[in-house]
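**Student:** Dropping in structure_13.pdb, which is PDB, C-alpha atoms and all ligand atoms:
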ATOM      1  CA  MET A   1     -14.107 -20.053   1.048  1.00  0.00           C
ATOM      2  CA  THR A   2     -15.130 -20.739   4.617  1.00  0.00           C
ATOM      3  CA  VAL A   3     -13.434 -19.884   7.878  1.00  0.00           C
ATOM      4  CA  THR A   4     -12.159 -23.403   8.309  1.00  0.00           C
ATOM      5  CA  GLN A   5     -10.213 -23.226   5.040  1.00  0.00           C
ATOM      6  CA  VAL A   6      -7.993 -20.379   6.302  1.00  0.00           C
ATOM      7  CA  PRO A   7      -4.996 -22.497   7.216  1.00  0.00           C
ATOM      8  CA  GLU A   8      -3.297 -20.633  10.055  1.00  0.00           C
ATOM      9  CA  PRO A   9      -4.153 -18.110  12.706  1.00  0.00           C
ATOM     10  CA  LEU A  10      -2.822 -14.579  12.472  1.00  0.00           C
ATOM     11  CA  PRO A  11      -0.684 -12.676  13.211  1.00  0.00           C
ATOM     12  CA  SER A  12       2.209 -14.574  11.722  1.00  0.00           C
ATOM     13  CA  PRO A  13       5.882 -13.626  12.065  1.00  0.00           C
ATOM     14  CA  LEU A  14       6.232 -13.817   8.275  1.00  0.00           C
ATOM     15  CA  VAL A  15       3.957 -10.876   7.765  1.00  0.00           C
ATOM     16  CA  ARG A  16       4.760  -8.784  10.823  1.00  0.00           C
ATOM     17  CA  VAL A  17       5.924  -5.610   9.180  1.00  0.00           C
ATOM     18  CA  ARG A  18       7.778  -2.812  10.907  1.00  0.00           C
ATOM     19  CA  TRP A  19       5.801   0.416  11.188  1.00  0.00           C
ATOM     20  CA  LEU A  20       2.476  -1.310  11.181  1.00  0.00           C
ATOM     21  CA  LYS A  21       1.099  -0.944  14.688  1.00  0.00           C
ATOM     22  CA  GLN A  22      -1.460  -3.694  14.211  1.00  0.00           C
ATOM     23  CA  PRO A  23      -1.530  -6.700  11.880  1.00  0.00           C
ATOM     24  CA  SER A  24      -4.444  -7.276   9.514  1.00  0.00           C
ATOM     25  CA  SER A  25      -7.199  -9.350  11.023  1.00  0.00           C
ATOM     26  CA  PRO A  26      -8.071 -12.951  10.121  1.00  0.00           C
ATOM     27  CA  ALA A  27     -11.481 -11.574   9.099  1.00  0.00           C
ATOM     28  CA  TRP A  28      -9.810  -9.375   6.481  1.00  0.00           C
ATOM     29  CA  LEU A  29      -7.936 -12.363   5.051  1.00  0.00           C
ATOM     30  CA  GLU A  30     -11.034 -14.511   5.010  1.00  0.00           C
ATOM     31  CA  GLN A  31     -12.990 -11.778   3.214  1.00  0.00           C
ATOM     32  CA  ALA A  32     -10.214 -11.284   0.650  1.00  0.00           C
ATOM     33  CA  LEU A  33      -9.778 -15.008  -0.071  1.00  0.00           C
ATOM     34  CA  ALA A  34     -13.514 -15.360  -0.625  1.00  0.00           C
ATOM     35  CA  ASP A  35     -13.560 -12.833  -3.475  1.00  0.00           C
ATOM     36  CA  PRO A  36     -10.211 -12.846  -5.281  1.00  0.00           C
ATOM     37  CA  ASP A  37     -11.516 -11.110  -8.419  1.00  0.00           C
ATOM     38  CA  THR A  38     -12.646  -8.057  -6.457  1.00  0.00           C
ATOM     39  CA  VAL A  39      -9.289  -7.993  -4.676  1.00  0.00           C
ATOM     40  CA  LEU A  40      -7.541  -8.084  -8.060  1.00  0.00           C
ATOM     41  CA  ILE A  41      -9.651  -5.205  -9.396  1.00  0.00           C
ATOM     42  CA  ASP A  42      -9.079  -3.220  -6.226  1.00  0.00           C
ATOM     43  CA  HIS A  43      -5.370  -3.903  -6.338  1.00  0.00           C
ATOM     44  CA  ALA A  44      -5.179  -2.740  -9.954  1.00  0.00           C
ATOM     45  CA  HIS A  45      -6.689   0.563  -8.789  1.00  0.00           C
ATOM     46  CA  CYS A  46      -4.173   0.701  -5.913  1.00  0.00           C
ATOM     47  CA  GLU A  47      -1.186   0.230  -8.204  1.00  0.00           C
ATOM     48  CA  ARG A  48      -2.388   2.928 -10.570  1.00  0.00           C
ATOM     49  CA  LYS A  49      -3.085   5.235  -7.630  1.00  0.00           C
ATOM     50  CA  ALA A  50       0.421   4.653  -6.233  1.00  0.00           C
ATOM     51  CA  ALA A  51       1.872   5.667  -9.607  1.00  0.00           C
ATOM     52  CA  GLY A  52      -0.398   8.715  -9.641  1.00  0.00           C
ATOM     53  CA  VAL A  53       0.717   9.838  -6.179  1.00  0.00           C
ATOM     54  CA  ALA A  54       4.385   9.622  -7.186  1.00  0.00           C
ATOM     55  CA  LEU A  55       3.664  11.655 -10.328  1.00  0.00           C
ATOM     56  CA  GLN A  56       1.642  14.225  -8.377  1.00  0.00           C
ATOM     57  CA  LEU A  57       4.584  14.793  -6.039  1.00  0.00           C
ATOM     58  CA  MET A  58       6.890  15.274  -9.033  1.00  0.00           C
ATOM     59  CA  PHE A  59       4.500  17.896 -10.402  1.00  0.00           C
ATOM     60  CA  ARG A  60       4.141  19.597  -7.029  1.00  0.00           C
ATOM     61  CA  TYR A  61       7.913  19.906  -6.515  1.00  0.00           C
ATOM     62  CA  PRO A  62       9.140  20.168 -10.116  1.00  0.00           C
ATOM     63  CA  SER A  63      12.610  21.558  -9.351  1.00  0.00           C
ATOM     64  CA  ASP A  64      13.524  18.860  -6.849  1.00  0.00           C
ATOM     65  CA  GLU A  65      15.811  16.557  -8.799  1.00  0.00           C
ATOM     66  CA  THR A  66      16.493  14.016  -6.045  1.00  0.00           C
ATOM     67  CA  LEU A  67      12.758  13.620  -5.647  1.00  0.00           C
ATOM     68  CA  ALA A  68      12.271  13.079  -9.380  1.00  0.00           C
ATOM     69  CA  ALA A  69      15.179  10.627  -9.479  1.00  0.00           C
ATOM     70  CA  ALA A  70      13.482   8.523  -6.789  1.00  0.00           C
ATOM     71  CA  LEU A  71       9.856   8.877  -7.782  1.00  0.00           C
ATOM     72  CA  SER A  72      10.014   8.558 -11.552  1.00  0.00           C
ATOM     73  CA  PRO A  73      11.265   4.926 -11.439  1.00  0.00           C
ATOM     74  CA  LEU A  74       8.782   4.244  -8.642  1.00  0.00           C
ATOM     75  CA  ALA A  75       5.862   5.509 -10.739  1.00  0.00           C
ATOM     76  CA  ARG A  76       7.069   3.352 -13.616  1.00  0.00           C
ATOM     77  CA  GLU A  77       7.287   0.285 -11.401  1.00  0.00           C
ATOM     78  CA  GLU A  78       3.785   0.846  -9.999  1.00  0.00           C
ATOM     79  CA  LEU A  79       2.454   1.060 -13.551  1.00  0.00           C
ATOM     80  CA  GLU A  80       4.215  -2.200 -14.401  1.00  0.00           C
ATOM     81  CA  HIS A  81       2.457  -3.750 -11.403  1.00  0.00           C
ATOM     82  CA  PHE A  82      -0.816  -2.279 -12.642  1.00  0.00           C
ATOM     83  CA  GLU A  83      -0.273  -3.884 -16.043  1.00  0.00           C
ATOM     84  CA  ARG A  84       0.521  -7.261 -14.479  1.00  0.00           C
ATOM     85  CA  VAL A  85      -2.674  -7.229 -12.445  1.00  0.00           C
ATOM     86  CA  LEU A  86      -4.638  -6.092 -15.488  1.00  0.00           C
ATOM     87  CA  ALA A  87      -3.194  -8.933 -17.579  1.00  0.00           C
ATOM     88  CA  LEU A  88      -4.252 -11.489 -14.981  1.00  0.00           C
ATOM     89  CA  LEU A  89      -7.739  -9.994 -14.825  1.00  0.00           C
ATOM     90  CA  GLN A  90      -7.970 -10.329 -18.595  1.00  0.00           C
ATOM     91  CA  ARG A  91      -6.793 -13.960 -18.491  1.00  0.00           C
ATOM     92  CA  ARG A  92      -9.503 -14.643 -15.923  1.00  0.00           C
ATOM     93  CA  GLY A  93     -12.133 -12.878 -18.058  1.00  0.00           C
ATOM     94  CA  VAL A  94     -12.799 -10.283 -15.358  1.00  0.00           C
ATOM     95  CA  ALA A  95     -13.491  -6.701 -16.487  1.00  0.00           C
ATOM     96  CA  MET A  96     -12.051  -3.689 -14.676  1.00  0.00           C
ATOM     97  CA  ARG A  97     -14.705  -1.584 -13.007  1.00  0.00           C
ATOM     98  CA  PRO A  98     -14.794   1.320 -10.582  1.00  0.00           C
ATOM     99  CA  LEU A  99     -14.996   0.317  -6.903  1.00  0.00           C
ATOM    100  CA  ALA A 100     -16.194   2.449  -4.020  1.00  0.00           C
ATOM    101  CA  ALA A 101     -13.141   3.548  -2.059  1.00  0.00           C
ATOM    102  CA  PRO A 102     -13.066   2.835   1.669  1.00  0.00           C
ATOM    103  CA  PRO A 103     -12.214   5.795   3.956  1.00  0.00           C
ATOM    104  CA  TYR A 104      -8.590   4.627   4.433  1.00  0.00           C
ATOM    105  CA  GLY A 105      -6.810   6.728   1.781  1.00  0.00           C
ATOM    106  CA  ALA A 106      -8.837   9.884   2.289  1.00  0.00           C
ATOM    107  CA  ALA A 107      -8.492   9.684   6.076  1.00  0.00           C
ATOM    108  CA  LEU A 108      -4.708   9.402   5.846  1.00  0.00           C
ATOM    109  CA  THR A 109      -4.464  12.152   3.225  1.00  0.00           C
ATOM    110  CA  ALA A 110      -6.558  14.416   5.457  1.00  0.00           C
ATOM    111  CA  GLN A 111      -3.667  14.316   7.952  1.00  0.00           C
ATOM    112  CA  VAL A 112      -1.308  16.032   5.520  1.00  0.00           C
ATOM    113  CA  ARG A 113      -0.611  19.496   6.943  1.00  0.00           C
ATOM    114  CA  ARG A 114      -1.137  22.386   4.556  1.00  0.00           C
ATOM    115  CA  GLN A 115       1.971  24.437   5.218  1.00  0.00           C
ATOM    116  CA  GLU A 116       5.330  23.580   3.732  1.00  0.00           C
ATOM    117  CA  PRO A 117       7.658  21.992   4.630  1.00  0.00           C
ATOM    118  CA  GLN A 118       5.294  19.901   6.794  1.00  0.00           C
ATOM    119  CA  ARG A 119       3.139  19.254   3.766  1.00  0.00           C
ATOM    120  CA  MET A 120       6.030  17.557   1.987  1.00  0.00           C
ATOM    121  CA  LEU A 121       6.988  15.472   5.009  1.00  0.00           C
ATOM    122  CA  ASP A 122       3.426  14.306   5.599  1.00  0.00           C
ATOM    123  CA  SER A 123       2.883  13.560   1.917  1.00  0.00           C
ATOM    124  CA  PHE A 124       5.987  11.349   1.816  1.00  0.00           C
ATOM    125  CA  LEU A 125       5.019   9.573   5.021  1.00  0.00           C
ATOM    126  CA  VAL A 126       1.419   8.935   4.005  1.00  0.00           C
ATOM    127  CA  ALA A 127       2.492   7.636   0.588  1.00  0.00           C
ATOM    128  CA  GLY A 128       5.179   5.557   2.305  1.00  0.00           C
ATOM    129  CA  LEU A 129       3.007   4.124   5.055  1.00  0.00           C
ATOM    130  CA  ILE A 130       0.525   2.612   2.630  1.00  0.00           C
ATOM    131  CA  GLU A 131       3.366   0.463   1.242  1.00  0.00           C
ATOM    132  CA  PRO A 132       4.054  -1.727   4.299  1.00  0.00           C
ATOM    133  CA  ARG A 133       0.328  -2.434   4.583  1.00  0.00           C
ATOM    134  CA  SER A 134       0.376  -3.549   0.938  1.00  0.00           C
ATOM    135  CA  HIS A 135       3.431  -5.659   1.712  1.00  0.00           C
ATOM    136  CA  GLU A 136       1.775  -7.294   4.702  1.00  0.00           C
ATOM    137  CA  ARG A 137      -1.460  -8.065   2.882  1.00  0.00           C
ATOM    138  CA  LEU A 138       0.243  -9.269  -0.293  1.00  0.00           C
ATOM    139  CA  ALA A 139       2.295 -11.633   1.866  1.00  0.00           C
ATOM    140  CA  LEU A 140      -0.875 -12.985   3.452  1.00  0.00           C
ATOM    141  CA  LEU A 141      -2.507 -13.455   0.070  1.00  0.00           C
ATOM    142  CA  ALA A 142       0.624 -15.018  -1.406  1.00  0.00           C
ATOM    143  CA  ARG A 143       0.720 -17.540   1.385  1.00  0.00           C
ATOM    144  CA  HIS A 144      -2.948 -18.379   1.595  1.00  0.00           C
ATOM    145  CA  SER A 145      -4.380 -18.017  -1.926  1.00  0.00           C
ATOM    146  CA  PRO A 146      -5.362 -21.502  -3.067  1.00  0.00           C
ATOM    147  CA  GLU A 147      -4.980 -20.607  -6.753  1.00  0.00           C
ATOM    148  CA  GLN A 148      -1.343 -20.806  -7.854  1.00  0.00           C
ATOM    149  CA  GLU A 149      -1.534 -17.978 -10.418  1.00  0.00           C
ATOM    150  CA  LEU A 150      -2.840 -15.628  -7.737  1.00  0.00           C
ATOM    151  CA  ALA A 151      -0.320 -16.737  -5.123  1.00  0.00           C
ATOM    152  CA  ASP A 152       2.467 -16.221  -7.674  1.00  0.00           C
ATOM    153  CA  LEU A 153       1.328 -12.729  -8.601  1.00  0.00           C
ATOM    154  CA  TRP A 154       0.961 -11.604  -4.981  1.00  0.00           C
ATOM    155  CA  GLY A 155       4.352 -13.106  -4.149  1.00  0.00           C
ATOM    156  CA  ASP A 156       6.006 -11.273  -7.041  1.00  0.00           C
ATOM    157  CA  LEU A 157       4.532  -7.920  -6.072  1.00  0.00           C
ATOM    158  CA  LEU A 158       5.122  -7.912  -2.344  1.00  0.00           C
ATOM    159  CA  ALA A 159       8.891  -7.370  -2.226  1.00  0.00           C
ATOM    160  CA  SER A 160       8.678  -4.095  -4.141  1.00  0.00           C
ATOM    161  CA  GLU A 161       6.205  -2.612  -1.714  1.00  0.00           C
ATOM    162  CA  ALA A 162       8.576  -2.927   1.242  1.00  0.00           C
ATOM    163  CA  ARG A 163      11.273  -1.295  -0.890  1.00  0.00           C
ATOM    164  CA  HIS A 164       8.918   1.565  -1.755  1.00  0.00           C
ATOM    165  CA  PHE A 165       8.475   2.400   1.903  1.00  0.00           C
ATOM    166  CA  GLY A 166      12.270   2.602   2.222  1.00  0.00           C
ATOM    167  CA  LEU A 167      12.397   4.975  -0.693  1.00  0.00           C
ATOM    168  CA  TYR A 168       9.914   7.415   0.849  1.00  0.00           C
ATOM    169  CA  TRP A 169      11.701   7.076   4.175  1.00  0.00           C
ATOM    170  CA  LEU A 170      14.993   8.042   2.525  1.00  0.00           C
ATOM    171  CA  LEU A 171      13.402  11.086   0.907  1.00  0.00           C
ATOM    172  CA  CYS A 172      12.326  12.170   4.393  1.00  0.00           C
ATOM    173  CA  GLU A 173      15.646  11.425   6.059  1.00  0.00           C
ATOM    174  CA  ARG A 174      17.532  13.530   3.530  1.00  0.00           C
ATOM    175  CA  ARG A 175      15.414  16.530   4.458  1.00  0.00           C
ATOM    176  CA  TRP A 176      14.546  16.247   8.163  1.00  0.00           C
ATOM    177  CA  PRO A 177      16.270  14.970  11.308  1.00  0.00           C
ATOM    178  CA  ARG A 178      15.387  11.358  12.002  1.00  0.00           C
ATOM    179  CA  PRO A 179      13.531  12.089  15.287  1.00  0.00           C
ATOM    180  CA  VAL A 180      11.227  14.511  13.435  1.00  0.00           C
ATOM    181  CA  VAL A 181      10.466  11.888  10.786  1.00  0.00           C
ATOM    182  CA  SER A 182       9.974   9.068  13.300  1.00  0.00           C
ATOM    183  CA  ALA A 183       7.701  11.101  15.561  1.00  0.00           C
ATOM    184  CA  ARG A 184       5.387  12.037  12.715  1.00  0.00           C
ATOM    185  CA  LEU A 185       5.446   8.533  11.305  1.00  0.00           C
ATOM    186  CA  GLU A 186       4.431   7.167  14.714  1.00  0.00           C
ATOM    187  CA  GLU A 187       1.370   9.415  14.734  1.00  0.00           C
ATOM    188  CA  LEU A 188       0.353   8.461  11.220  1.00  0.00           C
ATOM    189  CA  ALA A 189       0.982   4.763  11.873  1.00  0.00           C
ATOM    190  CA  ASP A 190      -1.378   4.926  14.862  1.00  0.00           C
ATOM    191  CA  LEU A 191      -4.091   6.294  12.619  1.00  0.00           C
ATOM    192  CA  GLU A 192      -3.325   3.759   9.879  1.00  0.00           C
ATOM    193  CA  SER A 193      -3.798   0.862  12.264  1.00  0.00           C
ATOM    194  CA  ALA A 194      -6.992   2.372  13.646  1.00  0.00           C
ATOM    195  CA  LEU A 195      -8.334   2.605  10.098  1.00  0.00           C
ATOM    196  CA  VAL A 196      -7.721  -1.060   9.290  1.00  0.00           C
ATOM    197  CA  ALA A 197      -9.283  -2.166  12.581  1.00  0.00           C
ATOM    198  CA  SER A 198     -12.792  -1.911  11.140  1.00  0.00           C
ATOM    199  CA  LEU A 199     -13.631  -4.262   8.309  1.00  0.00           C
ATOM    200  CA  HIS A 200     -15.009  -2.678   5.125  1.00  0.00           C
ATOM    201  CA  PRO A 201     -18.140  -4.450   3.819  1.00  0.00           C
ATOM    202  CA  HIS A 202     -16.276  -5.448   0.624  1.00  0.00           C
ATOM    203  CA  PRO A 203     -12.719  -6.725   0.232  1.00  0.00           C
ATOM    204  CA  ARG A 204     -10.186  -3.976  -0.312  1.00  0.00           C
ATOM    205  CA  MET A 205      -6.394  -3.996  -0.134  1.00  0.00           C
ATOM    206  CA  HIS A 206      -6.540  -0.896   2.040  1.00  0.00           C
ATOM    207  CA  SER A 207      -9.504  -0.678   4.326  1.00  0.00           C
TER     208      SER A 207
HETATM  209 FE    FE A 301       3.089  -1.694  -6.478  1.00  0.00          FE
HETATM  210 FE    FE A 302       4.327   0.457  -4.062  1.00  0.00          FE
END
How does this structure look as structure tokens?

**Tutor:**
Amino acid sequence: MTVTQVPEPLPSPLVRVRWLKQPSSPAWLEQALADPDTVLIDHAHCERKAAGVALQLMFRYPSDETLAAALSPLAREELEHFERVLALLQRRGVAMRPLAAPPYGAALTAQVRRQEPQRMLDSFLVAGLIEPRSHERLALLARHSPEQELADLWGDLLASEARHFGLYWLLCERRWPRPVVSARLEELADLESALVASLHPHPRMHS
């Protein structure tokens, strides 16, 4: 895939997602379209990780029933996504393999404050904020992937990710006043956009 084959300039209104301070760059899209198998492998890891984060929170706050009621179905859905990506990898004859993680996830997680209840708020917001970036990038891939089976998969997955952000947002809003949630989300969203501003050497859904 060359630069000239990327059909439209970015940003596009279709993929402008609330809470993302900056859109993904055309260079990110070009890099991702050039190596779809690596993007698939990376995305399989992302889906499994998203399920793992939801489960971790359920283990950390085991008596919180509203949290379990929201996060258990979410973990299940992320695992279903994982299985769908895995199935496509298998159809394409591509083996799963470990990939070096870019600093994105660790840098966001490092912002989680250690004391409760701030730890809970930050954990929800970090887990939530990753979702609109997934949504934005899946939308880009769905629109621009030349292979139909890839475009279809990305298109199927993207709607859930926007919903997942809403779910984490609701968990926050039930526990903290909206201005407290928004102010912290603003800070984390600034960092998130700064992190995606530099292009990782290899295609990653979050980098
Ligand atoms: Fe997902
Ligand atoms: Fe998700």

**Student:** Output the residue selection produced by the PyMOL selection byres (((chain A and resi 172-185) around 8) and not hetatm) on the file above, formatted as a VMD selection string.

**Tutor:** chain A and resid 121 to 122 124 to 125 168 to 171 186 to 189

**Student:** Write to file, as a compact mmCIF listing (two decimals), in the coordinates of the input, the residues of the selection just made, with C-alpha atoms.

**Tutor:**
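result39.txt written:
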# COMPACT_ATOMS: atom_id res chain seq x y z
CA LEU A 121 6.99 15.47 5.01
CA ASP A 122 3.43 14.31 5.60
CA PHE A 124 5.99 11.35 1.82
CA LEU A 125 5.02 9.57 5.02
CA TYR A 168 9.91 7.42 0.85
CA TRP A 169 11.70 7.08 4.18
CA LEU A 170 14.99 8.04 2.52
CA LEU A 171 13.40 11.09 0.91
CA GLU A 186 4.43 7.17 14.71
CA GLU A 187 1.37 9.41 14.73
CA LEU A 188 0.35 8.46 11.22
CA ALA A 189 0.98 4.76 11.87

**Student:** Counting only C-alpha atoms and all ligand atoms, what residues are within 7 Å of ligand FE 301 (chain A), given as a PyMOL selection string?

**Tutor:** chain A and resi 47+50+77-78+81+157+160-161

**Student:** With all atoms listed in the file counted, collect every polymer residue having an atom within 10 Å of ligand FE 302 (chain A); state the result as JSON, numbers by chain.

**Tutor:** {"A": [46, 47, 48, 49, 50, 51, 54, 74, 75, 77, 78, 79, 81, 127, 128, 129, 130, 131, 132, 133, 134, 135, 157, 158, 159, 160, 161, 162, 163, 164, 165, 167]}

**Student:** Counting all atoms listed in the file, which residue out of A:Pro117, A:Pro102, A:Gly93, A:Pro23 sits closest to Pro203 in chain A?

**Tutor:** A:Pro102

**Student:** Any idea what the distance is between CA of Leu20 in chain A and CA of Tyr104 in chain A?

**Tutor:**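 Computing it gives 14.3 Å between the two atoms.
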
**Student:** With only C-alpha atoms as the atoms that count, which of A:Val94, A:Arg113, A:Leu195, A:His200 lies nearest to Thr38 in chain A?

**Tutor:** A:Val94

**Student:** Build an axis-aligned box that encloses every atom of range 121-136 of chain A listed in the file, pad it by 8 Å on each side, and report its centre and edge lengths in Å to one decimal, as lines of an AutoDock Vina configuration file.

**Tutor:**
center_x = 3.7
center_y = 4.1
center_z = 3.1
size_x = 22.7
size_y = 38.8
size_z = 21.0

**Student:** Can you measure CA of Ser145 in chain A to CA of Ala87 in chain A for me? One decimal in Å is fine.

**Tutor:**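 Spanning CA of Ser145 in chain A to CA of Ala87 in chain A is a straight-line distance of 18.1 Å.
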
**Student:** I need the residue nearest Ser198 in chain A from this list: A:Pro98, A:Ala70, A:Pro103, A:Gln118. Use all atoms listed in the file for the distance.

**Tutor:**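 Going through A:Pro98, A:Ala70, A:Pro103, A:Gln118 one by one, the smallest distance to Ser198 in chain A is for A:Pro103.
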
**Student:** Determine the residue membership of the PyMOL selection byres (((chain A and resi 151) around 12) and not hetatm) for the file above and supply it as a list in words.

**Tutor:**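 When the PyMOL selection byres (((chain A and resi 151) around 12) and not hetatm) is applied to the shown file, the picked residues are Leu33, Pro36, Leu40, Leu88, Arg137, Leu138, Ala139, Leu140, Leu141, Ala142, Arg143, His144, Ser145, Pro146, Glu147, Gln148, Glu149, Leu150, Asp152, Leu153, Trp154, Gly155, Asp156, Leu157 and Leu158 of chain A.
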
**Student:** Name the residues captured by the PyMOL selection byres (((chain A and resi 68) around 12) and not hetatm) when it is applied to the shown file; answer as an MDAnalysis selection string.

**Tutor:** chainID A and resid 54:67 69:76 167:168 171

**Student:** I'd like the interatomic distance between CA of Asp190 in chain A and CA of Lys21 in chain A, to a tenth of an Å.

**Tutor:**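 CA of Asp190 in chain A sits 6.4 Å away from CA of Lys21 in chain A.
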
**Student:** Which one is closest to Ala100 in chain A: A:Leu191, A:Ile41, A:Ala197, A:Val85? Count all atoms listed in the file.

**Tutor:**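 Nearest to Ala100 in chain A: A:Ile41.
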
**Student:** Generate all heavy atoms for range 102-109 of chain A and emit them as an mmCIF file, in the frame of the given file.

**Tutor:**
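That gives us result-v6.cif:
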data_model
loop_
_atom_site.group_PDB
_atom_site.id
_atom_site.type_symbol
_atom_site.label_atom_id
_atom_site.label_comp_id
_atom_site.auth_asym_id
_atom_site.auth_seq_id
_atom_site.Cartn_x
_atom_site.Cartn_y
_atom_site.Cartn_z
ATOM 1 N N PRO A 102 -12.845 2.749 0.225
ATOM 2 C CA PRO A 102 -13.066 2.835 1.669
ATOM 3 C C PRO A 102 -12.435 4.134 2.200
ATOM 4 O O PRO A 102 -11.667 4.773 1.482
ATOM 5 C CB PRO A 102 -12.338 1.607 2.205
ATOM 6 C CG PRO A 102 -11.353 1.236 1.165
ATOM 7 C CD PRO A 102 -11.853 1.760 -0.149
ATOM 8 N N PRO A 103 -12.716 4.510 3.450
ATOM 9 C CA PRO A 103 -12.214 5.795 3.956
ATOM 10 C C PRO A 103 -10.697 5.855 4.161
ATOM 11 O O PRO A 103 -10.141 6.936 4.356
ATOM 12 C CB PRO A 103 -12.910 5.952 5.323
ATOM 13 C CG PRO A 103 -13.815 4.798 5.489
ATOM 14 C CD PRO A 103 -13.592 3.819 4.395
ATOM 15 N N TYR A 104 -10.026 4.730 4.097
ATOM 16 C CA TYR A 104 -8.590 4.627 4.433
ATOM 17 C C TYR A 104 -7.726 5.725 3.800
ATOM 18 O O TYR A 104 -7.070 6.499 4.489
ATOM 19 C CB TYR A 104 -8.115 3.240 3.998
ATOM 20 C CG TYR A 104 -6.667 2.901 4.262
ATOM 21 C CD1 TYR A 104 -6.294 2.229 5.420
ATOM 22 C CD2 TYR A 104 -5.671 3.216 3.344
ATOM 23 C CE1 TYR A 104 -4.966 1.890 5.652
ATOM 24 C CE2 TYR A 104 -4.348 2.883 3.571
ATOM 25 C CZ TYR A 104 -4.005 2.216 4.720
ATOM 26 O OH TYR A 104 -2.685 1.877 4.941
ATOM 27 N N GLY A 105 -7.709 5.790 2.476
ATOM 28 C CA GLY A 105 -6.810 6.728 1.781
ATOM 29 C C GLY A 105 -7.138 8.174 2.089
ATOM 30 O O GLY A 105 -6.252 8.979 2.392
ATOM 31 N N ALA A 106 -8.432 8.497 2.043
ATOM 32 C CA ALA A 106 -8.837 9.884 2.289
ATOM 33 C C ALA A 106 -8.535 10.285 3.732
ATOM 34 O O ALA A 106 -8.104 11.417 3.999
ATOM 35 C CB ALA A 106 -10.320 10.048 1.992
ATOM 36 N N ALA A 107 -8.732 9.351 4.670
ATOM 37 C CA ALA A 107 -8.492 9.684 6.076
ATOM 38 C C ALA A 107 -7.004 9.941 6.329
ATOM 39 O O ALA A 107 -6.636 10.837 7.094
ATOM 40 C CB ALA A 107 -8.992 8.554 6.978
ATOM 41 N N LEU A 108 -6.146 9.173 5.693
ATOM 42 C CA LEU A 108 -4.708 9.402 5.846
ATOM 43 C C LEU A 108 -4.301 10.715 5.163
ATOM 44 O O LEU A 108 -3.556 11.519 5.728
ATOM 45 C CB LEU A 108 -3.904 8.235 5.271
ATOM 46 C CG LEU A 108 -3.816 6.994 6.160
ATOM 47 C CD1 LEU A 108 -3.160 5.849 5.395
ATOM 48 C CD2 LEU A 108 -3.025 7.279 7.434
ATOM 49 N N THR A 109 -4.819 10.932 3.956
ATOM 50 C CA THR A 109 -4.464 12.152 3.225
ATOM 51 C C THR A 109 -4.941 13.399 3.975
ATOM 52 O O THR A 109 -4.291 14.446 3.923
ATOM 53 C CB THR A 109 -5.078 12.103 1.808
ATOM 54 O OG1 THR A 109 -4.618 10.897 1.188
ATOM 55 C CG2 THR A 109 -4.642 13.272 0.952
#
